[in-house]
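Just below is one structure, and these are the notes that go with it.
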Amino acid sequence: MKYNRILLKLSGEALMGDRQYGIDPKRLAEYANEIKQITNKGVEVAIVIGGGNIFRGVAGASKGMDRVQADHMGMLATVINGLALQSALEDAEIPTRLQSAIKINEVAEPFIKRRAIRHLEKGRVVIFGGGTGNPYFTTDSAAVLRAIEINADVILKGTRVDGIYTADPEKDSQATKFDFITFDDVLRKGLKVMDTTAFTLSQENELPIIVFDMNKTGNLLKVISGESIGTKVNL
């Protein structure tokens with residue numbers, strides 16, 4: 001395998017499947033099977049998941065809610081998704097731990113870097129919930145922060161498109177895909193990969209990002225094996 005320890009970033013919306021909101025058990029089971037393929041190869045897997053399928057803090061704030069309270073609601077949504085994903089992974093017989101940046105001791109461990117790394121070394125999948133634990137930071141920022149803290153080799157951003165394009169491929173049929181692009185080119189072209197805070201943090205720490213289609217069976221294993229899947233962002 002090309003990568004030994006990865007941070008997989010999933011959006012909350014990815015868990016909806018074909019639904020309009022909430023969680024699709026079928027999609028969860030599909031993701032669990034994809035993750036099992038790479039854990040069987042000895043890859044250490046950490047996951048950060050968003051909460052947009054339940055509640056998005058920015059959306060709440062735009063409608064008059066207090067931003068701090070709205071963001072805390074979004075953080076709790078990521079814990080709910082983390083619990084759902086943990087259940088699906090354990091149904092697939094993958095040992096899993098959920099760690100939360102917000103203290104919810106009855107349902108999740110607190111985030112402790114050394115404990116998280118130890119879990120990974122023992123072959124457990126670690127799900128990081130609760131974002132960074134702070135308002136005004138997205139789960140993209142949480143993903144990059146946790147990846148740096150656990151010394152991940154790469155951030156894999158699983159989306160519903162197969163990489164980074166010159167424009168939105170769902171809206172522009174003339175959009176072309178990048179197989180490889182530098183951090184500087186992404187910023188210069190104004191392409192949306194992650195929010196600026198997360199992206200800059202990744203660039204400063206020389207942590208590559210691969211954007212790929214998580215919904216295509218076998219893609220995760222192909223990326224881990226070093227195949228040219230999706231778009232790689234590097235220095």
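By order of appearance in the structure tokens: chains A, B, ..., then residues from 1 within every chain, and ligands from 1 in the order shown.
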> Mind checking DSSP for range 54-215 of chain A and telling me the strand (DSSP E) residues as a PyMOL selection string?
Replying inline: chain A and resi 96-100+109-110+125-129+154-159+164-165+177-178+180-182+209-213
If we count only C-alpha atoms, what is near Val79 in chain A at a cut-off of 9 Å, once residues fewer than 2 positions away on the same chain are taken out, given as a CSV table (one decimal) with C-alpha atoms, in the first residue's frame?
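Below is the file selection-v1.csv, written as the result:
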```
chain,number,residue,atom,x,y,z
A,49,ILE,CA,-17.3,13.3,9.1
A,50,GLY,CA,-19.5,16.4,8.6
A,51,GLY,CA,-23.0,17.0,9.9
A,74,GLY,CA,-23.6,21.2,13.9
A,75,MET,CA,-20.8,19.7,16.1
A,76,LEU,CA,-23.4,17.5,17.8
A,77,ALA,CA,-24.7,16.4,14.4
A,81,ASN,CA,-23.1,10.7,12.3
A,82,GLY,CA,-20.1,9.3,14.0
A,83,LEU,CA,-22.2,7.0,16.1
A,84,ALA,CA,-24.0,5.8,13.0
A,98,LEU,CA,-15.4,7.3,18.4
A,99,GLN,CA,-13.6,10.3,19.9
A,100,SER,CA,-15.3,13.6,20.4
A,107,VAL,CA,-21.3,8.0,24.0
A,108,ALA,CA,-17.7,8.8,23.0
A,128,PHE,CA,-13.3,12.0,15.2
A,129,GLY,CA,-16.6,13.8,16.0
A,130,GLY,CA,-17.4,17.2,17.3
A,131,GLY,CA,-15.3,19.1,14.8
```
> Neighbours of Arg114 in chain A within 10 Å (only C-alpha atoms; same-chain residues fewer than 6 positions away dropped), as JSON, numbers by chain?
Replying inline: {"A": [120, 149, 150]}
>> I'd like to know which of A:Leu8, A:Val68, A:Val48, A:Val193 is closest to Val154 in chain A, using only C-alpha atoms.
In response: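 So, comparing all the options, the nearest one is A:Leu8.
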> Any idea what's packed within 8 Å of Tyr3 in chain A, counting only C-alpha atoms, ignoring anything in its chain fewer than 6 positions away? Could you give it as a ChimeraX atom specification?
Replying inline: /A:43,153-154,224-226
Output file for the residues above (N, CA and C atoms, as a short mmCIF file (atom, residue, chain, number, x, y, z; two decimals), in the first residue's frame):
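Saved file out_1.cif follows:
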```
data_model
loop_
_atom_site.label_atom_id
_atom_site.label_comp_id
_atom_site.auth_asym_id
_atom_site.auth_seq_id
_atom_site.Cartn_x
_atom_site.Cartn_y
_atom_site.Cartn_z
N VAL A 43 -3.90 -0.97 6.54
CA VAL A 43 -3.89 0.50 6.54
C VAL A 43 -4.58 1.01 7.80
N ASP A 153 -0.45 10.20 6.53
CA ASP A 153 0.33 10.36 5.29
C ASP A 153 -0.40 11.23 4.28
N VAL A 154 -1.73 11.24 4.34
CA VAL A 154 -2.51 11.92 3.32
C VAL A 154 -3.93 12.15 3.85
N ILE A 224 -5.54 4.07 -2.16
CA ILE A 224 -4.55 3.61 -1.18
C ILE A 224 -3.43 2.84 -1.86
N SER A 225 -3.76 2.14 -2.94
CA SER A 225 -2.77 1.35 -3.66
C SER A 225 -1.86 2.20 -4.55
N GLY A 226 -2.21 3.50 -4.67
CA GLY A 226 -1.38 4.40 -5.46
C GLY A 226 -1.84 4.60 -6.88
#
```
> Which polymer residues have any atom within 12 Å of an atom of Arg27 in chain A, counting only C-alpha atoms, with same-chain residues fewer than 3 positions away left out, as a ChimeraX atom specification?
Replying inline: /A:12-19,22-24,30-34,84-85,88-89,214-217
With N, CA and C atoms retained, could you export that selection as a PDB file, in the first residue's frame?
```pdb
ATOM      1  N   GLY A  12     -21.302  15.065   5.601  1.00  0.00           N
ATOM      2  CA  GLY A  12     -22.526  14.531   6.178  1.00  0.00           C
ATOM      3  C   GLY A  12     -23.538  14.186   5.097  1.00  0.00           C
ATOM      4  N   GLU A  13     -23.561  15.014   4.038  1.00  0.00           N
ATOM      5  CA  GLU A  13     -24.503  14.784   2.949  1.00  0.00           C
ATOM      6  C   GLU A  13     -24.274  13.432   2.272  1.00  0.00           C
ATOM      7  N   ALA A  14     -23.031  12.943   2.324  1.00  0.00           N
ATOM      8  CA  ALA A  14     -22.722  11.661   1.700  1.00  0.00           C
ATOM      9  C   ALA A  14     -23.519  10.527   2.332  1.00  0.00           C
ATOM     10  N   LEU A  15     -23.871  10.687   3.609  1.00  0.00           N
ATOM     11  CA  LEU A  15     -24.598   9.623   4.316  1.00  0.00           C
ATOM     12  C   LEU A  15     -26.074   9.583   3.965  1.00  0.00           C
ATOM     13  N   MET A  16     -26.559  10.604   3.262  1.00  0.00           N
ATOM     14  CA  MET A  16     -27.986  10.647   2.923  1.00  0.00           C
ATOM     15  C   MET A  16     -28.345   9.642   1.848  1.00  0.00           C
ATOM     16  N   GLY A  17     -27.354   9.238   1.039  1.00  0.00           N
ATOM     17  CA  GLY A  17     -27.673   8.368  -0.094  1.00  0.00           C
ATOM     18  C   GLY A  17     -28.622   9.081  -1.035  1.00  0.00           C
ATOM     19  N   ASP A  18     -29.740   8.466  -1.344  1.00  0.00           N
ATOM     20  CA  ASP A  18     -30.735   9.071  -2.228  1.00  0.00           C
ATOM     21  C   ASP A  18     -31.818   9.824  -1.461  1.00  0.00           C
ATOM     22  N   ARG A  19     -31.657   9.919  -0.159  1.00  0.00           N
ATOM     23  CA  ARG A  19     -32.655  10.608   0.657  1.00  0.00           C
ATOM     24  C   ARG A  19     -32.435  12.121   0.612  1.00  0.00           C
ATOM     25  N   GLY A  22     -31.060  13.165   6.637  1.00  0.00           N
ATOM     26  CA  GLY A  22     -30.874  12.025   7.523  1.00  0.00           C
ATOM     27  C   GLY A  22     -29.799  11.057   7.060  1.00  0.00           C
ATOM     28  N   ILE A  23     -29.929   9.808   7.453  1.00  0.00           N
ATOM     29  CA  ILE A  23     -28.903   8.792   7.238  1.00  0.00           C
ATOM     30  C   ILE A  23     -29.491   7.591   6.507  1.00  0.00           C
ATOM     31  N   ASP A  24     -28.806   7.154   5.470  1.00  0.00           N
ATOM     32  CA  ASP A  24     -29.224   5.977   4.700  1.00  0.00           C
ATOM     33  C   ASP A  24     -28.394   4.777   5.151  1.00  0.00           C
ATOM     34  N   GLU A  30     -22.270   0.397   2.644  1.00  0.00           N
ATOM     35  CA  GLU A  30     -21.360   0.451   1.493  1.00  0.00           C
ATOM     36  C   GLU A  30     -20.016   1.046   1.906  1.00  0.00           C
ATOM     37  N   TYR A  31     -20.058   2.136   2.677  1.00  0.00           N
ATOM     38  CA  TYR A  31     -18.821   2.774   3.128  1.00  0.00           C
ATOM     39  C   TYR A  31     -18.044   1.840   4.054  1.00  0.00           C
ATOM     40  N   ALA A  32     -18.760   1.139   4.924  1.00  0.00           N
ATOM     41  CA  ALA A  32     -18.101   0.204   5.844  1.00  0.00           C
ATOM     42  C   ALA A  32     -17.348  -0.869   5.065  1.00  0.00           C
ATOM     43  N   ASN A  33     -17.956  -1.378   4.002  1.00  0.00           N
ATOM     44  CA  ASN A  33     -17.304  -2.408   3.187  1.00  0.00           C
ATOM     45  C   ASN A  33     -16.072  -1.855   2.475  1.00  0.00           C
ATOM     46  N   GLU A  34     -16.165  -0.600   2.007  1.00  0.00           N
ATOM     47  CA  GLU A  34     -15.007   0.028   1.359  1.00  0.00           C
ATOM     48  C   GLU A  34     -13.852   0.179   2.347  1.00  0.00           C
ATOM     49  N   ALA A  84     -23.442   6.584  14.033  1.00  0.00           N
ATOM     50  CA  ALA A  84     -24.044   5.764  12.971  1.00  0.00           C
ATOM     51  C   ALA A  84     -22.970   5.028  12.181  1.00  0.00           C
ATOM     52  N   LEU A  85     -21.885   5.737  11.854  1.00  0.00           N
ATOM     53  CA  LEU A  85     -20.803   5.113  11.098  1.00  0.00           C
ATOM     54  C   LEU A  85     -20.090   4.064  11.945  1.00  0.00           C
ATOM     55  N   ALA A  88     -22.116   0.913  11.835  1.00  0.00           N
ATOM     56  CA  ALA A  88     -21.981   0.228  10.546  1.00  0.00           C
ATOM     57  C   ALA A  88     -20.635  -0.485  10.433  1.00  0.00           C
ATOM     58  N   LEU A  89     -19.573   0.150  10.903  1.00  0.00           N
ATOM     59  CA  LEU A  89     -18.244  -0.458  10.849  1.00  0.00           C
ATOM     60  C   LEU A  89     -18.169  -1.690  11.752  1.00  0.00           C
ATOM     61  N   MET A 214     -16.037   8.771  -3.670  1.00  0.00           N
ATOM     62  CA  MET A 214     -16.145   7.731  -2.652  1.00  0.00           C
ATOM     63  C   MET A 214     -17.282   6.764  -2.958  1.00  0.00           C
ATOM     64  N   ASN A 215     -18.204   7.178  -3.821  1.00  0.00           N
ATOM     65  CA  ASN A 215     -19.390   6.364  -4.064  1.00  0.00           C
ATOM     66  C   ASN A 215     -19.183   5.291  -5.136  1.00  0.00           C
ATOM     67  N   LYS A 216     -18.002   5.270  -5.754  1.00  0.00           N
ATOM     68  CA  LYS A 216     -17.706   4.246  -6.752  1.00  0.00           C
ATOM     69  C   LYS A 216     -16.981   3.088  -6.076  1.00  0.00           C
ATOM     70  N   THR A 217     -17.573   1.917  -6.149  1.00  0.00           N
ATOM     71  CA  THR A 217     -17.036   0.735  -5.470  1.00  0.00           C
ATOM     72  C   THR A 217     -15.585   0.472  -5.867  1.00  0.00           C
TER      73      THR A 217
END
```
>> At a cut-off of 12 Å, using only C-alpha atoms, what residues contact Ala167 in chain A? Leave out same-chain residues fewer than 5 positions from it and give the result as a list in words.
In response: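 Residues meeting the cut-off are Val161, Asp172, Ser173, Gln174, Ala175, Thr176, Lys177, Phe178, Val186, Lys189, Gly190, Leu191, Lys192 and Val193 of chain A.
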>> DSSP on the backbone: which residues in range 9-196 of chain A end up as helix (DSSP H, G or I)? Give the answer as a PyMOL selection string.
In response: chain A and resi 12-16+25-39+57-62+67-91+113-121+139-149+183-189+196
What are the closest atom pairs, with distances in Å to one decimal, for each residue of range 78-175 of chain A lying within 12 Å of range 58-65 of chain A, using only C-alpha atoms, rows by chain and rising residue number, as a tab-separated table?
```
residue	atom	partner	partner_atom	distance
A:Pro135	CA	A:Val58	CA	10.1
A:Tyr136	CA	A:Val58	CA	8.6
A:Phe137	CA	A:Val58	CA	10.1
A:Thr138	CA	A:Val58	CA	9.3
A:Thr139	CA	A:Val58	CA	11.9
```
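Proximity of A:Ser202, A:Thr78, A:Thr196, A:Thr159 to Thr231 in chain A, computed with only C-alpha atoms, is greatest for A:Thr159.
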> Given the choices A:Val125, A:Val233, A:Ala143, A:Ala101, which gets closest to Ile35 in chain A if the distance is worked out from only C-alpha atoms?
Replying inline: A:Val125
